[in-house]
$ cat work09.cif   # mmCIF, C-alpha atoms
data_run
#
loop_
_atom_site.group_PDB
_atom_site.id
_atom_site.type_symbol
_atom_site.label_atom_id
_atom_site.label_comp_id
_atom_site.auth_asym_id
_atom_site.auth_seq_id
_atom_site.Cartn_x
_atom_site.Cartn_y
_atom_site.Cartn_z
ATOM 1 C CA MET C 1 0.000 0.000 0.000
ATOM 2 C CA GLY C 2 1.486 3.280 -1.035
ATOM 3 C CA ASN C 3 0.065 5.599 1.600
ATOM 4 C CA SER C 4 1.573 9.009 2.051
ATOM 5 C CA PHE C 5 0.039 9.245 5.524
ATOM 6 C CA ASN C 6 1.858 7.158 8.119
ATOM 7 C CA TYR C 7 -0.760 6.321 10.769
ATOM 8 C CA PRO C 8 -0.275 2.946 12.525
ATOM 9 C CA VAL C 9 -3.573 1.643 11.086
ATOM 10 C CA ARG C 10 -3.952 1.612 7.295
ATOM 11 C CA ILE C 11 -6.619 0.292 4.917
ATOM 12 C CA GLU C 12 -7.049 0.203 1.166
ATOM 13 C CA ILE C 13 -9.678 -1.575 -0.900
ATOM 14 C CA ASP C 14 -9.065 -2.274 -4.576
ATOM 15 C CA TYR C 15 -11.577 -0.560 -6.842
ATOM 16 C CA PRO C 16 -13.538 -3.113 -8.912
ATOM 17 C CA GLU C 17 -13.867 -2.419 -12.614
ATOM 18 C CA LYS C 18 -17.125 -4.359 -12.845
ATOM 19 C CA LEU C 19 -19.523 -5.767 -10.240
ATOM 20 C CA ASP C 20 -21.996 -8.619 -10.620
ATOM 21 C CA LYS C 21 -25.579 -7.350 -10.844
ATOM 22 C CA LEU C 22 -27.249 -10.539 -9.587
ATOM 23 C CA SER C 23 -24.894 -10.897 -6.622
ATOM 24 C CA SER C 24 -25.492 -7.256 -5.718
ATOM 25 C CA ILE C 25 -29.278 -7.679 -5.805
ATOM 26 C CA PHE C 26 -29.224 -10.533 -3.292
ATOM 27 C CA ARG C 27 -26.134 -9.483 -1.317
ATOM 28 C CA ILE C 28 -27.825 -9.252 2.074
ATOM 29 C CA PHE C 29 -29.050 -12.849 1.765
ATOM 30 C CA TYR C 30 -25.696 -14.163 0.544
ATOM 31 C CA ALA C 31 -24.020 -12.505 3.526
ATOM 32 C CA ILE C 32 -26.087 -14.237 6.216
ATOM 33 C CA PRO C 33 -23.687 -17.188 6.777
ATOM 34 C CA VAL C 34 -20.608 -14.972 7.061
ATOM 35 C CA LEU C 35 -22.493 -12.568 9.348
ATOM 36 C CA ILE C 36 -23.283 -15.478 11.654
ATOM 37 C CA VAL C 37 -19.588 -16.424 11.772
ATOM 38 C CA LEU C 38 -18.602 -12.814 12.438
ATOM 39 C CA SER C 39 -21.149 -12.451 15.231
ATOM 40 C CA LEU C 40 -19.719 -15.521 16.964
ATOM 41 C CA LEU C 41 -16.272 -13.911 17.095
ATOM 42 C CA ALA C 42 -16.700 -11.476 19.952
ATOM 43 C CA GLU C 43 -14.151 -8.827 20.833
ATOM 44 C CA TYR C 44 -13.533 -9.752 24.447
ATOM 45 C CA LEU C 45 -9.846 -8.943 24.386
ATOM 46 C CA PHE C 46 -10.082 -5.159 24.768
ATOM 47 C CA PRO C 47 -10.298 -5.202 28.598
ATOM 48 C CA ALA C 48 -7.518 -7.795 28.828
ATOM 49 C CA VAL C 49 -5.176 -5.849 26.547
ATOM 50 C CA GLY C 50 -5.953 -2.656 28.450
ATOM 51 C CA LEU C 51 -5.080 -4.326 31.742
ATOM 52 C CA MET C 52 -1.868 -5.772 30.299
ATOM 53 C CA ILE C 53 -0.755 -2.320 29.127
ATOM 54 C CA LEU C 54 -1.825 -0.684 32.382
ATOM 55 C CA PHE C 55 -0.135 -3.104 34.794
ATOM 56 C CA ARG C 56 2.560 -4.910 32.812
ATOM 57 C CA GLN C 57 3.305 -2.531 29.926
ATOM 58 C CA LYS C 58 2.942 -5.439 27.505
ATOM 59 C CA TYR C 59 0.875 -6.025 24.406
ATOM 60 C CA PRO C 60 1.079 -9.775 23.768
ATOM 61 C CA LYS C 61 1.810 -10.493 20.113
ATOM 62 C CA TRP C 62 -0.808 -13.221 19.863
ATOM 63 C CA TRP C 63 -3.542 -10.774 21.027
ATOM 64 C CA PHE C 64 -2.356 -8.290 18.446
ATOM 65 C CA ASP C 65 -2.398 -11.011 15.757
ATOM 66 C CA TRP C 66 -5.915 -12.086 16.793
ATOM 67 C CA ASN C 67 -7.193 -8.491 16.675
ATOM 68 C CA LEU C 68 -5.545 -7.885 13.301
ATOM 69 C CA ALA C 69 -7.042 -11.083 11.849
ATOM 70 C CA TYR C 70 -10.460 -10.235 13.290
ATOM 71 C CA TYR C 71 -10.433 -6.708 11.860
ATOM 72 C CA ARG C 72 -9.236 -7.952 8.485
ATOM 73 C CA PHE C 73 -12.100 -10.437 8.368
ATOM 74 C CA SER C 74 -14.747 -8.003 9.621
ATOM 75 C CA THR C 75 -13.583 -5.370 7.113
ATOM 76 C CA ARG C 76 -13.835 -7.900 4.265
ATOM 77 C CA VAL C 77 -17.398 -8.616 5.417
ATOM 78 C CA SER C 78 -18.179 -4.885 5.553
ATOM 79 C CA ALA C 79 -16.718 -4.333 2.086
ATOM 80 C CA TYR C 80 -18.874 -7.182 0.781
ATOM 81 C CA LEU C 81 -22.042 -5.860 2.437
ATOM 82 C CA LEU C 82 -21.378 -2.313 1.252
ATOM 83 C CA LEU C 83 -21.037 -3.653 -2.316
ATOM 84 C CA LEU C 84 -17.400 -2.544 -2.580
ATOM 85 C CA ARG C 85 -16.293 -6.037 -3.640
ATOM 86 C CA ASP C 86 -17.990 -9.107 -5.139
ATOM 87 C CA GLU C 87 -15.679 -11.754 -3.638
ATOM 88 C CA TYR C 88 -17.318 -13.658 -0.803
ATOM 89 C CA PRO C 89 -15.382 -12.712 2.362
ATOM 90 C CA SER C 90 -12.655 -15.188 3.202
ATOM 91 C CA THR C 91 -11.945 -15.932 6.839
ATOM 92 C CA ASP C 92 -8.191 -16.013 6.204
ATOM 93 C CA GLU C 93 -7.202 -14.714 2.740
ATOM 94 C CA GLU C 94 -6.512 -11.016 2.158
ATOM 95 C CA GLN C 95 -8.497 -10.762 -1.090
ATOM 96 C CA ALA C 96 -8.845 -7.121 -2.243
ATOM 97 C CA VAL C 97 -9.103 -5.585 1.233
ATOM 98 C CA HIS C 98 -5.691 -4.592 2.570
ATOM 99 C CA ILE C 99 -5.275 -3.731 6.242
ATOM 100 C CA GLU C 100 -1.984 -3.068 7.954
ATOM 101 C CA MET C 101 -1.452 -2.337 11.625
ATOM 102 C CA ASP C 102 1.866 -1.643 13.283
ATOM 103 C CA TYR C 103 2.623 -3.859 16.277
ATOM 104 C CA PRO C 104 3.224 -1.501 19.213
ATOM 105 C CA ASP C 105 6.224 -1.475 21.502
ATOM 106 C CA ALA C 106 4.149 -1.226 24.683
ATOM 107 C CA LYS C 107 7.023 -0.130 26.938
ATOM 108 C CA ASN C 108 8.199 2.702 24.689
ATOM 109 C CA ASP C 109 5.180 3.695 22.583
ATOM 110 C CA LEU C 110 2.151 3.250 24.859
ATOM 111 C CA LYS C 111 1.529 5.185 28.059
ATOM 112 C CA ARG C 112 0.243 3.058 30.922
ATOM 113 C CA GLY C 113 -2.855 5.060 31.840
ATOM 114 C CA MET C 114 -4.080 5.766 28.317
ATOM 115 C CA PRO C 115 -6.268 2.624 27.995
ATOM 116 C CA LEU C 116 -8.442 4.103 30.737
ATOM 117 C CA VAL C 117 -9.241 7.273 28.761
ATOM 118 C CA LYS C 118 -8.795 6.554 25.055
ATOM 119 C CA TRP C 119 -12.405 5.469 24.591
ATOM 120 C CA PHE C 120 -13.472 8.800 26.120
ATOM 121 C CA LEU C 121 -11.078 10.831 23.991
ATOM 122 C CA ALA C 122 -12.485 9.142 20.883
ATOM 123 C CA ILE C 123 -16.057 10.352 21.521
ATOM 124 C CA PRO C 124 -15.767 13.345 19.125
ATOM 125 C CA HIS C 125 -14.741 10.936 16.374
ATOM 126 C CA TYR C 126 -17.658 8.614 17.057
ATOM 127 C CA LEU C 127 -20.129 11.511 17.024
ATOM 128 C CA ILE C 128 -18.932 12.593 13.578
ATOM 129 C CA LEU C 129 -18.739 8.988 12.379
ATOM 130 C CA CYS C 130 -22.414 8.476 13.295
ATOM 131 C CA PHE C 131 -23.359 11.066 10.682
ATOM 132 C CA LEU C 132 -20.860 9.666 8.214
ATOM 133 C CA TYR C 133 -22.334 6.165 8.676
ATOM 134 C CA ILE C 134 -25.724 7.594 7.691
ATOM 135 C CA ALA C 135 -24.115 9.052 4.566
ATOM 136 C CA VAL C 136 -22.425 5.692 3.849
ATOM 137 C CA THR C 137 -25.793 3.957 4.120
ATOM 138 C CA ILE C 138 -27.331 6.409 1.659
ATOM 139 C CA CYS C 139 -24.331 6.015 -0.700
ATOM 140 C CA SER C 140 -24.587 2.233 -0.511
ATOM 141 C CA ILE C 141 -28.299 2.262 -1.338
ATOM 142 C CA ALA C 142 -27.694 4.621 -4.257
ATOM 143 C CA ALA C 143 -24.737 2.500 -5.388
ATOM 144 C CA TRP C 144 -26.941 -0.610 -5.239
ATOM 145 C CA PHE C 145 -29.289 0.897 -7.819
ATOM 146 C CA ILE C 146 -26.410 2.155 -9.954
ATOM 147 C CA ILE C 147 -24.702 -1.267 -9.882
ATOM 148 C CA ILE C 148 -27.926 -3.007 -10.899
ATOM 149 C CA PHE C 149 -28.120 -0.830 -14.026
ATOM 150 C CA THR C 150 -24.438 -0.261 -14.885
ATOM 151 C CA SER C 151 -22.376 -2.957 -13.045
ATOM 152 C CA LYS C 152 -20.167 -0.141 -11.751
ATOM 153 C CA TYR C 153 -19.723 1.468 -8.344
ATOM 154 C CA PRO C 154 -19.253 5.220 -8.876
ATOM 155 C CA LYS C 155 -15.605 5.981 -8.055
ATOM 156 C CA GLY C 156 -16.353 9.056 -5.916
ATOM 157 C CA MET C 157 -18.890 7.169 -3.818
ATOM 158 C CA PHE C 158 -16.511 4.217 -3.541
ATOM 159 C CA ASP C 159 -13.705 6.483 -2.304
ATOM 160 C CA PHE C 160 -16.045 8.122 0.221
ATOM 161 C CA VAL C 161 -17.206 4.785 1.681
ATOM 162 C CA VAL C 162 -13.629 3.455 1.887
ATOM 163 C CA GLY C 163 -12.547 6.727 3.485
ATOM 164 C CA VAL C 164 -15.170 6.446 6.216
ATOM 165 C CA MET C 165 -14.110 2.836 6.810
ATOM 166 C CA ARG C 166 -10.488 4.065 7.062
ATOM 167 C CA TRP C 167 -11.402 6.760 9.583
ATOM 168 C CA SER C 168 -13.442 4.299 11.660
ATOM 169 C CA LEU C 169 -10.647 1.724 11.670
ATOM 170 C CA ARG C 170 -8.097 4.332 12.793
ATOM 171 C CA VAL C 171 -10.341 5.360 15.683
ATOM 172 C CA ASN C 172 -10.891 1.708 16.679
ATOM 173 C CA GLY C 173 -7.127 1.115 16.496
ATOM 174 C CA TYR C 174 -6.628 3.991 18.904
ATOM 175 C CA ALA C 175 -9.560 3.553 21.300
ATOM 176 C CA PHE C 176 -10.159 -0.206 21.470
ATOM 177 C CA LEU C 177 -7.303 -2.098 19.865
ATOM 178 C CA LEU C 178 -4.960 0.177 21.833
ATOM 179 C CA ILE C 179 -2.133 -0.149 19.313
ATOM 180 C CA THR C 180 -1.203 3.526 19.342
ATOM 181 C CA ASP C 181 -1.352 6.604 21.527
ATOM 182 C CA LYS C 182 -1.227 8.802 18.422
ATOM 183 C CA TYR C 183 -4.622 10.532 18.256
ATOM 184 C CA PRO C 184 -6.396 9.669 14.983
ATOM 185 C CA PRO C 185 -6.845 12.434 12.434
ATOM 186 C CA PHE C 186 -10.281 13.760 11.562
ATOM 187 C CA SER C 187 -9.829 12.604 7.992
ATOM 188 C CA THR C 188 -10.834 9.970 5.475
ATOM 189 C CA LEU C 189 -7.647 10.423 3.464
ATOM 190 C CA PRO C 190 -5.078 7.625 3.187
#

$ encode --input "work09.cif" --output "structure tokens"
Amino acid sequence: MGNSFNYPVRIEIDYPEKLDKLSSIFRIFYAIPVLIVLSLLAEYLFPAVGLMILFRQKYPKWWFDWNLAYYRFSTRVSAYLLLLRDEYPSTDEEQAVHIEMDYPDAKNDLKRGMPLVKWFLAIPHYLILCFLYIAVTICSIAAWFIIIFTSKYPKGMFDFVVGVMRWSLRVNGYAFLLITDKYPPFSTLP
């Protein structure tokens, strides 16, 4: 990924040249099995990671790897549901959704008390993201109709939806994955 912005959480989704009309029409029904799998994978590790950073100044690599794999999978599912990609979401292959997260050096890069307040500091982001999620929903509905008639996702709408996903992932990386103390930018740009 050739990002000019160097935030510890990065996402890119390859733009599809053509999307399948029939798959797009019935997407919500096709997604039911993968949504069931995703719902069974709960994110219970946030409190444990927070406690590890707070008391031991450690971020166990296997927890980081689990969180990275989970977010890669859930983002593939989101991209599929939002009609950004036609490939059925794989539980383990990267496909066309590229997520990178930098493994933190907990002793040097993460302050001990920050896990207690990061969720609170992220509230302004989540307030803005609520409105952006509404816009993403509207864009996705409009894109659904456009795809049915043209087999194409309008590039500007595609970039907007991916940008909101990028912003959301950065905020989650800061507030709940706890992989950085660097406050996320108020931006959808890469």

$ resolve_selection --input "work09.cif" --expression "the PyMOL selection byres ((chain C and resi 139) around 12)" --output "list of chain:residue names"
C:Leu82, C:Leu83, C:Leu84, C:Leu132, C:Tyr133, C:Ile134, C:Ala135, C:Val136, C:Thr137, C:Ile138, C:Ser140, C:Ile141, C:Ala142, C:Ala143, C:Trp144, C:Phe145, C:Ile146, C:Ile147, C:Tyr153, C:Pro154, C:Lys155, C:Gly156, C:Met157, C:Phe158, C:Asp159, C:Phe160, C:Val161, C:Val162, C:Val164

$ resolve_selection --input "work09.cif" --expression "the PyMOL selection byres ((chain C and resi 47) around 12)" --output "MDAnalysis selection string"
chainID C and resid 43:46 48:54 59 63 115:116 119 175:178

$ closest_residue --input "work09.cif" --among "C:Tyr103, C:Tyr15, C:Phe29, C:Phe73" --to "C:Gly173" --atoms "all atoms listed in the file"
C:Tyr103

$ residues_near_point --input "work09.cif" --point "(-7.3, -9.7, 12.8)" --cutoff "12 Å" --atoms "only C-alpha atoms" --output "ChimeraX atom specification"
/C:38,41-43,45,61-76,91-94,98-101,169,173,177

$ closest_residue --input "work09.cif" --among "C:Arg170, C:Lys111, C:His125, C:Arg85" --to "C:Ser24" --atoms "only C-alpha atoms"
C:Arg85

$ atom_distance --input "work09.cif" --atom1 "atom CA of C:Pro89" --atom2 "atom CA of C:Pro190"
22.8 Å

$ residues_around --input "work09.cif" --residues "C:Thr188" --least-positions-apart "4" --cutoff "7 Å" --atoms "only C-alpha atoms" --output "VMD selection string"
chain C and resid 163 to 164 166 to 167

$ closest_residue --input "work09.cif" --among "C:Ala31, C:Val9, C:Leu19, C:Ala79" --to "C:Pro185" --atoms "all atoms listed in the file"
C:Val9

$ closest_residue --input "work09.cif" --among "C:Leu40, C:Leu110, C:Val34, C:Leu81" --to "C:Gln57" --atoms "only C-alpha atoms"
C:Leu110

$ atom_distance --input "work09.cif" --atom1 "atom CA of C:Gln95" --atom2 "atom CA of C:Glu17"
15.2 Å

$ atom_distance --input "work09.cif" --atom1 "atom CA of C:Arg27" --atom2 "atom CA of C:Phe149"
15.5 Å

$ axis_aligned_box --input "work09.cif" --around "stretch 89-99 of chain C" --padding-each-side "4 Å" --output "lines of an AutoDock Vina configuration file"
center_x = -10.3
center_y = -9.9
center_z = 2.3
size_x = 18.1
size_y = 20.3
size_z = 17.1

$ resolve_selection --input "work09.cif" --expression "the PyMOL selection byres ((chain C and resi 20) around 9)" --output "list in words"
Lys18, Leu19, Lys21, Leu22, Ser23, Ser24, Ile25, Asp86, Ile147, Ile148, Ser151 and Lys152 of chain C

$ closest_residue --input "work09.cif" --among "C:Met165, C:Ile179, C:Ala96, C:Ala122" --to "C:Pro16" --atoms "only C-alpha atoms"
C:Ala96

$ build_atoms --input "work09.cif" --residues "stretch 165-178 of chain C" --atoms "N, CA, C and O atoms" --output "PDB file, in the frame of the given file"
ATOM      1  N   MET C 165     -14.598   4.078   6.193  1.00  0.00           N
ATOM      2  CA  MET C 165     -14.110   2.836   6.810  1.00  0.00           C
ATOM      3  C   MET C 165     -12.693   3.050   7.369  1.00  0.00           C
ATOM      4  O   MET C 165     -12.361   2.555   8.446  1.00  0.00           O
ATOM      5  N   ARG C 166     -11.861   3.774   6.637  1.00  0.00           N
ATOM      6  CA  ARG C 166     -10.488   4.065   7.062  1.00  0.00           C
ATOM      7  C   ARG C 166     -10.500   4.867   8.367  1.00  0.00           C
ATOM      8  O   ARG C 166      -9.792   4.553   9.317  1.00  0.00           O
ATOM      9  N   TRP C 167     -11.306   5.911   8.396  1.00  0.00           N
ATOM     10  CA  TRP C 167     -11.402   6.760   9.583  1.00  0.00           C
ATOM     11  C   TRP C 167     -11.860   5.924  10.780  1.00  0.00           C
ATOM     12  O   TRP C 167     -11.273   5.977  11.865  1.00  0.00           O
ATOM     13  N   SER C 168     -12.907   5.134  10.589  1.00  0.00           N
ATOM     14  CA  SER C 168     -13.442   4.299  11.660  1.00  0.00           C
ATOM     15  C   SER C 168     -12.400   3.304  12.176  1.00  0.00           C
ATOM     16  O   SER C 168     -12.255   3.108  13.394  1.00  0.00           O
ATOM     17  N   LEU C 169     -11.667   2.696  11.266  1.00  0.00           N
ATOM     18  CA  LEU C 169     -10.647   1.724  11.670  1.00  0.00           C
ATOM     19  C   LEU C 169      -9.524   2.398  12.453  1.00  0.00           C
ATOM     20  O   LEU C 169      -9.018   1.846  13.435  1.00  0.00           O
ATOM     21  N   ARG C 170      -9.133   3.596  12.051  1.00  0.00           N
ATOM     22  CA  ARG C 170      -8.097   4.332  12.793  1.00  0.00           C
ATOM     23  C   ARG C 170      -8.554   4.625  14.221  1.00  0.00           C
ATOM     24  O   ARG C 170      -7.790   4.479  15.165  1.00  0.00           O
ATOM     25  N   VAL C 171      -9.811   5.049  14.349  1.00  0.00           N
ATOM     26  CA  VAL C 171     -10.341   5.360  15.683  1.00  0.00           C
ATOM     27  C   VAL C 171     -10.412   4.087  16.523  1.00  0.00           C
ATOM     28  O   VAL C 171     -10.049   4.095  17.702  1.00  0.00           O
ATOM     29  N   ASN C 172     -10.856   2.978  15.938  1.00  0.00           N
ATOM     30  CA  ASN C 172     -10.891   1.708  16.679  1.00  0.00           C
ATOM     31  C   ASN C 172      -9.488   1.248  17.064  1.00  0.00           C
ATOM     32  O   ASN C 172      -9.287   0.704  18.149  1.00  0.00           O
ATOM     33  N   GLY C 173      -8.515   1.461  16.179  1.00  0.00           N
ATOM     34  CA  GLY C 173      -7.127   1.115  16.496  1.00  0.00           C
ATOM     35  C   GLY C 173      -6.607   1.896  17.685  1.00  0.00           C
ATOM     36  O   GLY C 173      -5.851   1.388  18.508  1.00  0.00           O
ATOM     37  N   TYR C 174      -7.029   3.128  17.791  1.00  0.00           N
ATOM     38  CA  TYR C 174      -6.628   3.991  18.904  1.00  0.00           C
ATOM     39  C   TYR C 174      -7.396   3.650  20.185  1.00  0.00           C
ATOM     40  O   TYR C 174      -6.790   3.417  21.231  1.00  0.00           O
ATOM     41  N   ALA C 175      -8.726   3.627  20.104  1.00  0.00           N
ATOM     42  CA  ALA C 175      -9.560   3.553  21.300  1.00  0.00           C
ATOM     43  C   ALA C 175      -9.764   2.146  21.857  1.00  0.00           C
ATOM     44  O   ALA C 175      -9.873   1.981  23.073  1.00  0.00           O
ATOM     45  N   PHE C 176      -9.808   1.127  20.987  1.00  0.00           N
ATOM     46  CA  PHE C 176     -10.159  -0.206  21.470  1.00  0.00           C
ATOM     47  C   PHE C 176      -9.100  -1.267  21.203  1.00  0.00           C
ATOM     48  O   PHE C 176      -8.920  -2.159  22.017  1.00  0.00           O
ATOM     49  N   LEU C 177      -8.411  -1.171  20.085  1.00  0.00           N
ATOM     50  CA  LEU C 177      -7.303  -2.098  19.865  1.00  0.00           C
ATOM     51  C   LEU C 177      -6.078  -1.667  20.651  1.00  0.00           C
ATOM     52  O   LEU C 177      -5.187  -2.465  20.912  1.00  0.00           O
ATOM     53  N   LEU C 178      -6.014  -0.393  20.982  1.00  0.00           N
ATOM     54  CA  LEU C 178      -4.960   0.177  21.833  1.00  0.00           C
ATOM     55  C   LEU C 178      -3.560   0.008  21.243  1.00  0.00           C
ATOM     56  O   LEU C 178      -2.587  -0.138  21.977  1.00  0.00           O
TER      57      LEU C 178
END
